[in-house]
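Participant: Have a peek at work.txt (compact mmCIF, C-alpha atoms).
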# COMPACT_ATOMS: atom_id res chain seq x y z
CA MET A 1 0.00 0.00 0.00
CA PRO A 2 1.60 3.30 -1.06
CA THR A 3 2.31 5.85 1.65
CA VAL A 4 0.87 9.34 1.38
CA ASP A 5 3.17 12.31 1.82
CA PRO A 6 1.96 14.64 4.63
CA GLN A 7 2.26 17.50 2.14
CA THR A 8 -0.36 15.80 0.00
CA TRP A 9 -2.81 15.88 2.90
CA LEU A 10 -1.99 19.57 3.36
CA HIS A 11 -2.73 20.28 -0.29
CA LEU A 12 -5.99 18.34 -0.11
CA GLY A 13 -6.91 20.44 2.90
CA LEU A 14 -6.10 23.60 0.95
CA ALA A 15 -8.29 22.34 -1.89
CA LEU A 16 -11.14 21.85 0.56
CA ALA A 17 -10.60 25.30 2.12
CA LEU A 18 -10.45 27.14 -1.20
CA GLY A 19 -13.52 25.28 -2.45
CA LEU A 20 -15.40 26.24 0.72
CA PHE A 21 -14.24 29.84 0.32
CA VAL A 22 -15.59 30.13 -3.23
CA GLY A 23 -18.67 28.03 -2.42
CA LEU A 24 -19.54 30.28 0.51
CA GLU A 25 -19.49 33.30 -1.77
CA ARG A 26 -21.82 31.56 -4.25
CA GLU A 27 -24.10 30.49 -1.39
CA GLN A 28 -24.44 34.09 -0.22
CA THR A 29 -25.62 35.14 -3.67
CA GLY A 30 -28.42 32.57 -3.59
CA ARG A 31 -26.82 30.05 -5.96
CA SER A 32 -27.64 26.41 -5.36
CA THR A 33 -24.16 25.49 -6.62
CA GLY A 34 -22.39 26.63 -3.51
CA ILE A 35 -21.04 25.56 -0.16
CA ARG A 36 -21.06 21.81 -0.91
CA THR A 37 -20.49 21.67 -4.65
CA PHE A 38 -17.39 23.83 -4.97
CA PRO A 39 -15.36 21.95 -2.33
CA LEU A 40 -16.24 18.72 -4.10
CA ILE A 41 -15.16 20.15 -7.46
CA THR A 42 -11.83 21.37 -6.08
CA ILE A 43 -11.14 18.06 -4.37
CA PHE A 44 -12.09 16.28 -7.60
CA GLY A 45 -9.39 18.26 -9.40
CA ALA A 46 -6.86 17.42 -6.69
CA CYS A 47 -7.71 13.71 -6.78
CA THR A 48 -7.39 13.47 -10.54
CA ALA A 49 -3.94 15.11 -10.27
CA LEU A 50 -2.97 12.46 -7.70
CA LEU A 51 -3.79 9.79 -10.30
CA VAL A 52 -1.34 11.18 -12.85
CA GLU A 53 1.53 8.98 -11.76
CA PRO A 54 -0.31 5.62 -11.69
CA VAL A 55 -2.72 6.34 -14.59
CA GLY A 56 -1.19 9.00 -16.82
CA ALA A 57 -1.33 12.74 -17.41
CA TRP A 58 -4.42 12.37 -19.58
CA ILE A 59 -6.57 11.92 -16.47
CA VAL A 60 -6.50 15.64 -15.58
CA PRO A 61 -7.87 17.03 -18.90
CA ALA A 62 -10.27 14.08 -19.06
CA GLY A 63 -11.65 15.02 -15.66
CA LEU A 64 -12.03 18.63 -16.78
CA VAL A 65 -13.98 17.53 -19.86
CA VAL A 66 -16.25 15.30 -17.75
CA LEU A 67 -16.87 18.10 -15.26
CA GLY A 68 -17.62 20.61 -18.02
CA ALA A 69 -20.06 18.24 -19.68
CA ALA A 70 -21.78 17.45 -16.38
CA VAL A 71 -22.19 21.12 -15.46
CA PHE A 72 -23.48 21.99 -18.93
CA VAL A 73 -26.01 19.14 -19.09
CA ASP A 74 -27.22 19.70 -15.54
CA ASN A 75 -27.72 23.38 -16.25
CA LEU A 76 -29.90 22.55 -19.26
CA SER A 77 -32.12 20.10 -17.38
CA PRO A 78 -35.48 21.46 -16.12
CA GLY A 79 -34.63 20.98 -12.46
CA GLY A 80 -30.87 20.94 -12.80
CA LEU A 81 -28.69 22.44 -10.12
CA GLY A 82 -31.73 23.13 -7.98
CA GLU A 83 -32.77 22.07 -4.50
CA PRO A 84 -36.10 20.43 -3.55
CA ASP A 85 -38.58 22.75 -1.89
CA ASP A 86 -40.98 21.82 0.91
CA THR A 87 -43.14 19.86 -1.57
CA GLY A 88 -40.20 17.84 -2.88
CA VAL A 89 -40.09 19.63 -6.24
CA ARG A 90 -36.65 20.70 -7.40
CA VAL A 91 -36.61 24.47 -7.84
CA LYS A 92 -33.93 25.49 -10.27
CA SER A 93 -31.61 28.32 -9.30
CA GLU A 94 -29.93 29.43 -12.50
CA PRO A 95 -26.18 29.44 -11.88
CA GLY A 96 -25.29 31.41 -14.97
CA SER A 97 -22.14 31.14 -17.06
CA THR A 98 -20.00 32.77 -14.36
CA THR A 99 -20.70 30.02 -11.84
CA MET A 100 -20.10 27.32 -14.45
CA VAL A 101 -16.76 28.82 -15.45
CA ALA A 102 -15.84 29.23 -11.77
CA ALA A 103 -16.49 25.51 -11.31
CA LEU A 104 -14.01 24.68 -14.07
CA VAL A 105 -11.45 27.10 -12.65
CA MET A 106 -11.71 25.56 -9.19
CA TYR A 107 -11.16 22.10 -10.68
CA THR A 108 -7.84 23.35 -12.10
CA VAL A 109 -7.03 24.95 -8.73
CA GLY A 110 -7.28 21.52 -7.11
CA ALA A 111 -4.98 20.08 -9.77
CA LEU A 112 -2.48 22.92 -9.34
CA LEU A 113 -2.24 22.32 -5.61
CA ILE A 114 -1.19 18.70 -6.14
CA THR A 115 1.14 19.15 -9.12
CA GLY A 116 3.62 21.49 -7.40
CA TYR A 117 1.98 24.85 -8.11
CA ALA A 118 0.46 25.41 -4.68
CA LEU A 119 1.10 29.15 -4.57
CA VAL A 120 -0.40 29.58 -8.03
CA GLY A 121 -3.43 27.53 -7.00
CA ILE A 122 -3.96 29.57 -3.85
CA ALA A 123 -3.63 32.82 -5.80
CA VAL A 124 -6.05 31.66 -8.51
CA GLY A 125 -8.58 30.37 -5.99
CA GLY A 126 -8.48 33.57 -3.95
CA THR A 127 -8.72 35.72 -7.06
CA THR A 128 -11.72 33.70 -8.25
CA ALA A 129 -13.55 34.34 -4.97
CA VAL A 130 -12.76 38.06 -5.12
CA LEU A 131 -13.94 38.37 -8.73
CA LEU A 132 -17.18 36.59 -7.90
CA HIS A 133 -17.74 38.79 -4.86
CA TRP A 134 -17.01 42.02 -6.75
CA LYS A 135 -19.73 41.46 -9.31
CA ARG A 136 -21.59 44.71 -8.71
CA PRO A 137 -18.54 47.03 -8.46
CA LEU A 138 -17.03 45.53 -11.60
CA HIS A 139 -20.29 45.85 -13.53
CA ASN A 140 -20.68 49.44 -12.30
CA PHE A 141 -17.15 50.18 -13.50
CA ALA A 142 -17.81 48.62 -16.91
CA GLU A 143 -20.98 50.68 -17.23
CA ARG A 144 -18.94 53.87 -16.79
CA LEU A 145 -16.78 53.05 -19.79
CA GLY A 146 -17.99 54.04 -23.22
CA PRO A 147 -16.99 52.80 -26.68
CA GLU A 148 -14.03 55.20 -26.85
CA ASP A 149 -12.76 53.89 -23.51
CA TYR A 150 -12.82 50.30 -24.72
CA ARG A 151 -11.06 51.27 -27.92
CA ALA A 152 -8.33 52.99 -25.89
CA VAL A 153 -7.72 49.80 -23.92
CA TYR A 154 -7.68 47.70 -27.09
CA ARG A 155 -5.15 50.02 -28.71
CA PHE A 156 -2.89 49.78 -25.68
CA VAL A 157 -3.09 45.98 -25.80
CA LEU A 158 -2.14 46.16 -29.47
CA LEU A 159 0.92 48.27 -28.67
CA ALA A 160 2.05 46.15 -25.73
CA VAL A 161 1.13 42.60 -26.79
CA VAL A 162 1.31 42.69 -30.59
CA VAL A 163 3.89 45.32 -31.58
CA LEU A 164 6.37 45.12 -28.68
CA PRO A 165 7.16 41.37 -28.84
CA VAL A 166 8.05 41.47 -32.56
CA LEU A 167 10.68 44.21 -32.18
CA PRO A 168 14.31 43.00 -32.02
CA ASP A 169 15.77 43.08 -28.52
CA LYS A 170 19.32 43.94 -29.56
CA THR A 171 21.34 47.08 -30.04
CA TYR A 172 22.20 48.89 -33.27
CA GLY A 173 24.11 51.93 -34.42
CA PRO A 174 27.01 53.85 -32.89
CA TYR A 175 28.01 52.66 -29.39
CA ASP A 176 25.36 49.91 -29.64
CA VAL A 177 22.77 51.87 -27.66
CA PHE A 178 19.75 51.91 -29.98
CA ASN A 179 17.57 48.99 -28.93
CA PRO A 180 14.15 49.07 -30.69
CA PHE A 181 12.56 46.81 -28.07
CA GLN A 182 13.76 48.90 -25.12
CA ILE A 183 12.81 52.20 -26.76
CA TRP A 184 9.32 50.98 -27.68
CA LEU A 185 9.00 49.58 -24.15
CA ILE A 186 9.35 53.16 -22.89
CA VAL A 187 6.57 54.22 -25.26
CA VAL A 188 4.36 51.39 -23.99
CA LEU A 189 5.19 52.35 -20.42
CA ILE A 190 4.13 55.96 -20.97
CA VAL A 191 0.87 54.94 -22.63
CA GLY A 192 0.29 52.31 -19.93
CA ILE A 193 0.67 54.86 -17.14
CA SER A 194 -1.86 57.05 -18.94
CA VAL A 195 -4.33 54.19 -19.36
CA ILE A 196 -4.04 53.11 -15.71
CA GLY A 197 -4.46 56.67 -14.48
CA TYR A 198 -7.47 57.00 -16.78
CA ILE A 199 -9.02 53.81 -15.36
CA LEU A 200 -8.31 54.92 -11.79
CA TYR A 201 -10.03 58.21 -12.54
CA LYS A 202 -13.11 56.38 -13.79
CA PHE A 203 -13.17 53.94 -10.91
CA VAL A 204 -12.30 55.93 -7.78
CA GLY A 205 -12.53 59.56 -8.86
CA PRO A 206 -9.88 62.27 -9.20
CA ARG A 207 -8.73 62.62 -5.58
CA ALA A 208 -8.02 58.95 -4.90
CA GLY A 209 -6.99 58.35 -8.48
CA VAL A 210 -4.17 60.89 -8.34
CA VAL A 211 -2.67 59.28 -5.22
CA LEU A 212 -2.83 55.78 -6.65
CA GLY A 213 -1.64 56.93 -10.06
CA GLY A 214 1.32 58.80 -8.58
CA THR A 215 2.20 55.84 -6.39
CA LEU A 216 2.11 53.48 -9.34
CA GLY A 217 4.21 55.90 -11.36
CA GLY A 218 6.85 56.01 -8.62
CA ILE A 219 7.00 52.24 -8.48
CA VAL A 220 7.20 51.75 -12.24
CA SER A 221 8.72 54.92 -13.73
CA SER A 222 8.44 58.42 -12.31
CA THR A 223 9.60 59.86 -15.64
CA ALA A 224 6.83 58.08 -17.52
CA ALA A 225 4.35 59.26 -14.90
CA THR A 226 5.58 62.83 -15.37
CA VAL A 227 4.99 62.62 -19.12
CA ALA A 228 1.53 61.10 -18.63
CA TYR A 229 0.33 63.69 -16.12
CA ALA A 230 1.91 66.57 -18.03
CA ARG A 231 -0.13 65.50 -21.06
CA ARG A 232 -3.26 65.56 -18.91
CA ALA A 233 -2.42 69.04 -17.61
CA ALA A 234 -1.88 70.25 -21.16
CA ARG A 235 -5.35 69.03 -22.18
CA ALA A 236 -7.03 70.48 -19.07
CA PRO A 237 -4.99 73.28 -17.42
CA SER A 238 -7.50 73.42 -14.52
CA VAL A 239 -6.11 70.12 -13.18
CA SER A 240 -2.48 71.24 -13.19
CA GLY A 241 -2.36 71.17 -9.39
CA THR A 242 -3.64 67.61 -9.38
CA ALA A 243 -1.05 66.59 -11.97
CA ALA A 244 1.74 68.28 -9.99
CA VAL A 245 0.81 66.33 -6.85
CA ALA A 246 0.82 63.04 -8.79
CA ILE A 247 4.21 63.85 -10.33
CA MET A 248 5.61 64.76 -6.90
CA ILE A 249 4.32 61.52 -5.36
CA ALA A 250 5.96 59.54 -8.14
CA SER A 251 9.22 61.48 -7.76
CA THR A 252 9.30 60.95 -4.00
CA LEU A 253 8.88 57.21 -4.46
CA SER A 254 11.68 57.20 -7.03
CA PHE A 255 14.08 58.24 -4.23
CA VAL A 256 12.56 55.58 -1.97
CA ARG A 257 13.38 53.10 -4.73
CA ILE A 258 17.01 54.26 -4.67
CA VAL A 259 17.21 53.45 -0.96
CA VAL A 260 15.64 50.03 -1.49
CA GLU A 261 18.09 49.23 -4.28
CA VAL A 262 21.05 50.16 -2.09
CA LEU A 263 19.74 47.99 0.74
CA VAL A 264 19.42 45.06 -1.65
CA VAL A 265 22.73 45.45 -3.53
CA ALA A 266 25.05 47.03 -0.95
CA TRP A 267 23.73 46.40 2.56
CA ASP A 268 27.10 47.25 4.12
CA ILE A 269 26.87 50.93 3.12
CA ARG A 270 23.30 51.46 4.35
CA TRP A 271 24.35 53.87 7.11
CA VAL A 272 26.27 55.94 4.59
CA VAL A 273 23.43 56.26 2.06
CA VAL A 274 20.14 55.98 3.93
CA PRO A 275 20.41 59.04 6.28
CA LYS A 276 21.06 61.46 3.41
CA PHE A 277 18.21 60.17 1.31
CA ALA A 278 15.90 59.92 4.33
CA VAL A 279 16.26 63.67 4.87
CA LEU A 280 15.48 64.38 1.21
CA ILE A 281 12.53 61.98 1.15
CA GLY A 282 11.13 63.56 4.32
CA VAL A 283 11.27 67.05 2.81
CA MET A 284 9.64 65.82 -0.40
CA ALA A 285 6.89 64.01 1.51
CA LEU A 286 6.14 67.16 3.54
CA ALA A 287 6.03 69.32 0.40
CA THR A 288 3.75 66.79 -1.31
CA ALA A 289 1.38 66.68 1.67
CA LEU A 290 1.14 70.48 1.78
CA ALA A 291 0.51 70.64 -1.97
CA TYR A 292 -2.15 67.94 -1.67
CA ARG A 293 -3.98 69.83 1.08
CA GLY A 294 -3.72 73.13 -0.74
CA THR A 295 -4.87 71.91 -4.14
CA GLU A 296 -8.42 72.96 -4.92
CA ASP A 297 -8.78 71.62 -8.45
CA PHE A 298 -9.67 68.07 -7.38
CA GLU A 299 -13.29 69.13 -7.32
CA ASP A 300 -12.83 71.23 -10.45
CA ASP A 301 -11.82 68.04 -12.24
CA GLN A 302 -15.07 66.26 -11.47
CA ASP A 303 -16.68 67.20 -14.77
CA HIS A 304 -13.55 66.73 -16.81
CA GLN A 305 -13.57 63.50 -18.76
CA PRO A 306 -10.01 62.52 -19.68
CA GLU A 307 -9.37 62.12 -23.38
CA ASP A 308 -8.09 59.01 -25.13
CA PRO A 309 -4.86 58.14 -23.28
CA THR A 310 -3.47 56.07 -26.16
CA SER A 311 -2.52 59.04 -28.31
CA LEU A 312 1.04 58.23 -29.37
CA LYS A 313 2.41 61.53 -30.63
CA VAL A 314 3.95 62.76 -27.36
CA ALA A 315 4.88 59.25 -26.24
CA ILE A 316 6.84 58.59 -29.43
CA ILE A 317 8.59 61.96 -29.14
CA PHE A 318 9.64 61.02 -25.63
CA GLY A 319 10.86 57.65 -26.88
CA LEU A 320 13.08 59.44 -29.39
CA MET A 321 14.34 61.76 -26.65
CA TYR A 322 15.15 58.72 -24.54
CA ALA A 323 17.17 57.18 -27.40
CA VAL A 324 19.12 60.42 -27.95
CA ILE A 325 20.02 60.66 -24.27
CA LEU A 326 21.16 57.02 -24.24
CA PHE A 327 23.52 57.94 -27.06
CA ALA A 328 24.75 60.96 -25.10
CA ILE A 329 25.46 58.71 -22.10
CA ALA A 330 27.54 56.39 -24.28
CA VAL A 331 29.53 59.31 -25.68
CA THR A 332 30.18 60.64 -22.18
CA ARG A 333 31.44 57.29 -20.97
CA GLU A 334 33.78 57.08 -23.95
CA ASN A 335 35.24 60.56 -23.47
CA PHE A 336 35.40 60.95 -19.68
CA GLY A 337 36.07 57.42 -18.45
CA ASP A 338 36.26 56.77 -14.70
CA ALA A 339 37.42 60.32 -13.98
CA GLY A 340 34.11 61.74 -15.10
CA MET A 341 31.89 59.78 -12.71
CA TYR A 342 29.99 62.82 -11.49
CA VAL A 343 29.38 63.90 -15.06
CA LEU A 344 28.27 60.38 -15.87
CA ALA A 345 25.91 60.38 -12.87
CA THR A 346 24.42 63.66 -14.04
CA ILE A 347 23.81 62.42 -17.58
CA SER A 348 22.72 58.91 -16.60
CA GLY A 349 20.27 60.26 -14.07
CA LEU A 350 18.44 62.17 -16.79
CA THR A 351 16.58 59.07 -17.92
CA ASP A 352 17.45 56.21 -15.59
CA VAL A 353 18.17 56.63 -11.88
CA ASP A 354 18.11 52.88 -11.31
CA ALA A 355 21.05 52.18 -13.62
CA ILE A 356 23.41 54.67 -11.99
CA THR A 357 22.25 53.68 -8.49
CA LEU A 358 22.80 49.96 -8.96
CA SER A 359 26.10 50.28 -10.80
CA THR A 360 27.47 52.72 -8.22
CA ALA A 361 26.31 50.58 -5.30
CA GLU A 362 28.06 47.55 -6.79
CA MET A 363 31.29 49.52 -7.31
CA VAL A 364 31.23 50.80 -3.73
CA GLN A 365 30.50 47.32 -2.41
CA ALA A 366 33.47 46.00 -4.41
CA GLY A 367 35.75 48.76 -3.08
CA ARG A 368 36.41 50.35 -6.47
CA VAL A 369 34.64 53.59 -5.52
CA SER A 370 34.75 55.27 -2.12
CA GLU A 371 31.57 55.41 -0.06
CA ASP A 372 31.62 59.22 -0.05
CA VAL A 373 31.89 59.43 -3.83
CA GLY A 374 29.28 56.68 -4.20
CA TRP A 375 26.42 58.30 -2.31
CA ARG A 376 27.15 61.63 -3.99
CA MET A 377 26.89 59.99 -7.42
CA MET A 378 23.50 58.53 -6.44
CA MET A 379 22.28 61.89 -5.15
CA ILE A 380 23.51 63.69 -8.27
CA GLY A 381 21.73 61.13 -10.44
CA GLY A 382 18.48 61.66 -8.54
CA ILE A 383 18.72 65.45 -8.73
CA SER A 384 19.54 65.25 -12.42
CA ASN A 385 16.44 63.17 -12.97
CA MET A 386 14.36 65.78 -11.15
CA VAL A 387 15.75 68.50 -13.43
CA PHE A 388 14.93 66.41 -16.50
CA LYS A 389 11.39 65.68 -15.29
CA GLY A 390 10.89 69.35 -14.51
CA ALA A 391 11.89 70.24 -18.06
CA VAL A 392 9.56 67.58 -19.46
CA ALA A 393 6.67 68.89 -17.35
CA ALA A 394 7.37 72.45 -18.45
CA VAL A 395 7.50 71.56 -22.16
CA LEU A 396 4.55 69.18 -22.23
CA GLY A 397 2.32 70.49 -19.44
CA GLY A 398 2.15 74.22 -20.01
CA LYS A 399 2.77 77.29 -17.85
CA ARG A 400 0.21 76.48 -15.17
CA LEU A 401 1.77 73.10 -14.42
CA LEU A 402 5.22 74.71 -14.48
CA ARG A 403 4.19 77.11 -11.69
CA HIS A 404 3.20 74.20 -9.46
CA ILE A 405 6.20 72.05 -10.38
CA ALA A 406 8.71 74.90 -10.02
CA VAL A 407 7.89 75.26 -6.33
CA LEU A 408 7.80 71.54 -5.50
CA PHE A 409 10.82 70.58 -7.57
CA GLY A 410 12.69 73.72 -6.50
CA VAL A 411 12.42 72.72 -2.85
CA THR A 412 13.55 69.19 -3.69
CA ILE A 413 16.54 70.22 -5.79
CA ALA A 414 17.63 72.84 -3.25
CA THR A 415 17.47 70.27 -0.46
CA GLY A 416 19.48 67.76 -2.49
CA LEU A 417 22.13 70.33 -3.35
CA GLY A 418 22.30 71.38 0.29
CA ILE A 419 22.94 67.78 1.33
CA LEU A 420 25.66 67.47 -1.33
CA LEU A 421 27.39 70.68 -0.26
CA PHE A 422 27.05 70.67 3.52
CA TRP A 423 26.83 67.03 4.61
CA PRO A 424 30.16 66.27 6.29
CA ALA A 425 32.49 64.03 4.32
CA MET A 426 33.48 60.76 5.95
Starting from the file, lay out its structure as structure tokens.

Facilitator:
Amino acid sequence: MPTVDPQTWLHLGLALALGLFVGLEREQTGRSTGIRTFPLITIFGACTALLVEPVGAWIVPAGLVVLGAAVFVDNLSPGGLGEPDDTGVRVKSEPGSTTMVAALVMYTVGALLITGYALVGIAVGGTTAVLLHWKRPLHNFAERLGPEDYRAVYRFVLLAVVVLPVLPDKTYGPYDVFNPFQIWLIVVLIVGISVIGYILYKFVGPRAGVVLGGTLGGIVSSTAATVAYARRAARAPSVSGTAAVAIMIASTLSFVRIVVEVLVVAWDIRWVVVPKFAVLIGVMALATALAYRGTEDFEDDQDHQPEDPTSLKVAIIFGLMYAVILFAIAVTRENFGDAGMYVLATISGLTDVDAITLSTAEMVQAGRVSEDVGWRMMMIGGISNMVFKGAVAAVLGGKRLLRHIAVLFGVTIATGLGILLFWPAM
């Protein structure tokens, strides 16, 4: 008699728990396919996966086909998937296509748990329950989107999923810096930030949307977020204050990302780098909070419907700018060498703070660059990026956005320069 691994019992228990979780949600919505059926379906998927070794891999898809056929036929029957009432007559409770698809998904969740993809199975099962529970909010959100909104999303998918993968991911031209894939990725990133901010606006409104959009921009690319919100300010100057707050949130998080990268790559120099950047981040956070409280155009933006965020003209121009600056970085490296590290940090920081931060941290960790020079290079790169983003906002966003950005970025740049000039050398 074969022994059963204790982990197998654990995964069967997880299958039962996830099935109960999804079944409970269906039960609360009045579906007869609920608290008992979904655990059985998930366990069925787990048990078929257990039979792969003695029977063969075909058993899992065969079980899925059998389950799909059973659910489909039972749904078509006059009393299918219904419970008997007080008179003994089965009263059908229409499960709908969503419940039927959820049943098939939960079968695969059970199989995933057994076949070594436990984390994937847990994530899929939890996501399934959340999607089922969020029926009304998701439908309300979809109702807010019009034909133009759907077309904007489809165009973004075309750019990201169809065009991007076919571009060659290798370098061309002088200094081997022109990479079509990487340059178009920047274009997709800019359009993607715009689309996500647009969706957030539709879903949660302008005040919450600007915070989430700025946060996302800081995590992904504060430069791309700057371009996206500058475009919005150019279309609707009345929301320039809102755009400036979002850009400032993204920029603050870009410095937080520098600290995180140093902690990951060069833990030994954390006490050299973190205090300087903590002071700068604190000043930026305070300035952002004051700007957020003092901005009055959140309400003014209520009637403003953002335009199609997939317009490519500005995004492509920025992609070309990005390629030109990459070329300038290569030229600088060739002409200045190691002696021009501060110049390199200034130029590299224009478009990519991460690259100069990680490379500098690795050199400091390896002892090829002093700690004092290292943190200054990172700070210079961050300040340079702020200057570049300020110029982008001024060119793309108009005078009203420039007035807001000049104050916020001015405080940031002045603080960074003060740290560079007056922080005692080690």

Participant: Which one is closest to Trp184 (chain A): A:Leu138, A:Val264, A:Val161, A:Leu290? Count all atoms listed in the file.

Facilitator: A:Val161

Participant: Which of these, A:Glu261, A:Ile380, A:Met284, A:Trp375, has the shortest distance to Ile247 (chain A) once you count all atoms listed in the file?

Facilitator: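 Closest to Ile247 (chain A) of all the choices is A:Met284.
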
Participant: Can you pull out every residue within 8 Å of Gly416 (chain A), counting only C-alpha atoms, but drop anything in the same chain fewer than 5 positions away, and send it as a ChimeraX atom specification?

Facilitator: /A:280,379,383

Participant: Suppose you want the space between CA of Leu253 (chain A) and CA of Lys389 (chain A); what is it in Å?

Facilitator: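 That distance, rounded to one decimal, is 14.0 Å.
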
Participant: Give me the residues within 9 Å of Gly282 (chain A) as a list in words, counting only C-alpha atoms and dropping any in the same chain fewer than 5 places off.

Facilitator: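 Using only C-alpha atoms, the neighbours found are Thr252, Phe277 and Ala287 of chain A.
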
Participant: List the spatial neighbours of Gly13 (chain A) as a list in words - criterion: any atom at most 12 Å away, only C-alpha atoms, same-chain residues fewer than 3 positions off excluded.

Facilitator: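 With the cut-off at 12 Å, the set is Pro6, Gln7, Thr8, Trp9, Leu10, Leu16, Ala17, Leu18, Gly19, Leu20, Pro39, Leu40, Thr42, Ile43, Ala46, Cys47, Gly110, Leu113, Ile114, Ala118 and Ile122 of chain A.
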
Participant: Would you save the residues from that selection as a JSON list (two decimals), keeping the file's coordinate frame, using C-alpha atoms?

Facilitator:
[["chain", "number", "residue", "atom", "x", "y", "z"],
["A", 6, "PRO", "CA", 1.96, 14.64, 4.63],
["A", 7, "GLN", "CA", 2.26, 17.50, 2.14],
["A", 8, "THR", "CA", -0.36, 15.80, 0.00],
["A", 9, "TRP", "CA", -2.81, 15.88, 2.90],
["A", 10, "LEU", "CA", -1.99, 19.57, 3.36],
["A", 16, "LEU", "CA", -11.14, 21.85, 0.56],
["A", 17, "ALA", "CA", -10.60, 25.30, 2.12],
["A", 18, "LEU", "CA", -10.45, 27.14, -1.20],
["A", 19, "GLY", "CA", -13.52, 25.28, -2.45],
["A", 20, "LEU", "CA", -15.40, 26.24, 0.72],
["A", 39, "PRO", "CA", -15.36, 21.95, -2.33],
["A", 40, "LEU", "CA", -16.24, 18.72, -4.10],
["A", 42, "THR", "CA", -11.83, 21.37, -6.08],
["A", 43, "ILE", "CA", -11.14, 18.06, -4.37],
["A", 46, "ALA", "CA", -6.86, 17.42, -6.69],
["A", 47, "CYS", "CA", -7.71, 13.71, -6.78],
["A", 110, "GLY", "CA", -7.28, 21.52, -7.11],
["A", 113, "LEU", "CA", -2.24, 22.32, -5.61],
["A", 114, "ILE", "CA", -1.19, 18.70, -6.14],
["A", 118, "ALA", "CA", 0.46, 25.41, -4.68],
["A", 122, "ILE", "CA", -3.96, 29.57, -3.85]]

Participant: Can you work out which one of A:Val130, A:Ala246, A:Leu189, A:Glu143 has the shortest atom-to-atom distance to Thr288 (chain A), counting only C-alpha atoms?

Facilitator: A:Ala246

Participant: One decimal, Å: what's the distance from CA of Ala49 (chain A) over to CA of Phe21 (chain A), could you say?

Facilitator: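 These atoms are spaced 20.9 Å apart.
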
Participant: Rank nothing, just name the residue among A:Gly349, A:Gly398, A:Gly367, A:Pro165 nearest to Met386 (chain A), using all atoms listed in the file.

Facilitator: A:Gly349

Participant: Can you tell me, as a list in words, what residues are no more than 9 Å from region 265-267 of chain A when counting all atoms listed in the file, ignoring any on the same chain fewer than 6 positions away?

Facilitator: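 Listed by chain and then number, they are Leu358, Ala361, Glu362, Val364 and Gln365 of chain A.
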
Participant: Point out the residue among A:Tyr150, A:Phe409, A:Phe178, A:Phe327 with the least atom-to-atom distance to Ile249 (chain A), counting only C-alpha atoms.

Facilitator: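 Nearest to Ile249 (chain A): A:Phe409.
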